[in-house]
Each structure stands twice: as C-alpha cells, then as structure tokens.
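A.B. asks: I have a structure I would like to understand better, so I am pasting it below and will then ask my questions one at a time.
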Amino acid sequence: MTKYTCFACSKKISKDMMGKRVRCPYCGSKILYKATSKITKVKAR
Ligand SMILES: [Zn+2]
C-alpha cells in the first residue's frame with residue numbers, strides 16, 4: 001500500500017485516508033511526500 005508522509009506534521013497517511021483529495025487529514029496540509037523509501041537518519045551523539 002502506498003503511504004504518504006505529511007510534510008507539516010510528519011504523520012503517516014495511507015492513500016485510503018485521503019480519498020480523492022490529496023491532503024493531510026490531520027492538519028490539512030497539501031504538502032505530502034511518498035514514504036516508500038526508507039530515510040536514512042544519522043544518530044547524533
Ligand atoms: Zn499533516
């Protein structure tokens with residue numbers, strides 16, 4: 001399943017949650033990006 005991540009609140013959104021309108025159901029942001037690939041984070045010590 002395709003999942004998106006909200007750019008504003010960083011919550012993960014499934015495609016079913018959005019419906020026809022592409023926007024975040026939590027904060028209403030229209031800026032989303034696909035979370036298909038894993039984002040490599042470097043741990044700060
Ligand atoms: Zn959001």
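Letters A, B, ... mark the chains of the structure tokens in the order given; residue numbers begin at 1 per chain; ligand numbers begin at 1, in order shown.
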Give me the residues within 10 Å of range 1-14 of chain A as a list of chain:residue names, counting only C-alpha atoms and dropping any in the same chain fewer than 5 places off.
C.D. replies: A:Gly19, A:Val22, A:Arg23, A:Cys24, A:Pro25, A:Tyr26, A:Cys27, A:Gly28, A:Ser29, A:Lys30, A:Ile31, A:Leu32, A:Tyr33, A:Lys34, A:Ala35, A:Thr36
A.B. asks: Could you pull out the residues in chain A that DSSP calls alpha helix (DSSP H) from the backbone, as JSON, numbers by chain?
C.D. replies: {"A": [15, 16, 17, 18]}
A.B. asks: Please produce a file of the residues just selected, as an mmCIF file, in the first residue's frame, where the atoms kept are N, CA and C atoms.
C.D. replies:
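Result file result06.cif:
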```cif
data_model
loop_
_atom_site.group_PDB
_atom_site.id
_atom_site.type_symbol
_atom_site.label_atom_id
_atom_site.label_comp_id
_atom_site.auth_asym_id
_atom_site.auth_seq_id
_atom_site.Cartn_x
_atom_site.Cartn_y
_atom_site.Cartn_z
ATOM 1 N N LYS A 15 -3.235 5.979 1.564
ATOM 2 C CA LYS A 15 -3.932 6.556 0.428
ATOM 3 C C LYS A 15 -5.439 6.531 0.636
ATOM 4 N N ASP A 16 -5.915 5.545 1.387
ATOM 5 C CA ASP A 16 -7.356 5.446 1.636
ATOM 6 C C ASP A 16 -7.863 6.575 2.517
ATOM 7 N N MET A 17 -7.005 7.079 3.370
ATOM 8 C CA MET A 17 -7.417 8.132 4.295
ATOM 9 C C MET A 17 -7.633 9.454 3.583
ATOM 10 N N MET A 18 -6.930 9.640 2.502
ATOM 11 C CA MET A 18 -7.037 10.909 1.800
ATOM 12 C C MET A 18 -8.267 10.956 0.910
#
```
A.B. asks: Give me, as a VMD selection string, the residues of chain A that a backbone DSSP run labels strand (DSSP E).
C.D. replies: chain A and resid 3 to 6 12 to 14 32 to 34
A.B. asks: Export, as a compact mmCIF listing (two decimals), in the first residue's frame, the selected residues with C-alpha atoms.
C.D. replies:
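The file below, again_16.txt, is the result:
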```txt
# COMPACT_ATOMS: atom_id res chain seq x y z
CA LYS A 3 1.77 5.60 2.18
CA TYR A 4 2.48 9.26 2.38
CA THR A 5 4.09 11.38 4.99
CA CYS A 6 2.85 14.85 5.78
CA LYS A 12 1.92 8.89 8.03
CA ILE A 13 -1.13 8.85 5.83
CA SER A 14 -2.43 5.95 3.81
CA LEU A 32 2.83 15.32 1.17
CA TYR A 33 5.56 13.04 0.02
CA LYS A 34 5.73 9.34 -0.56
```
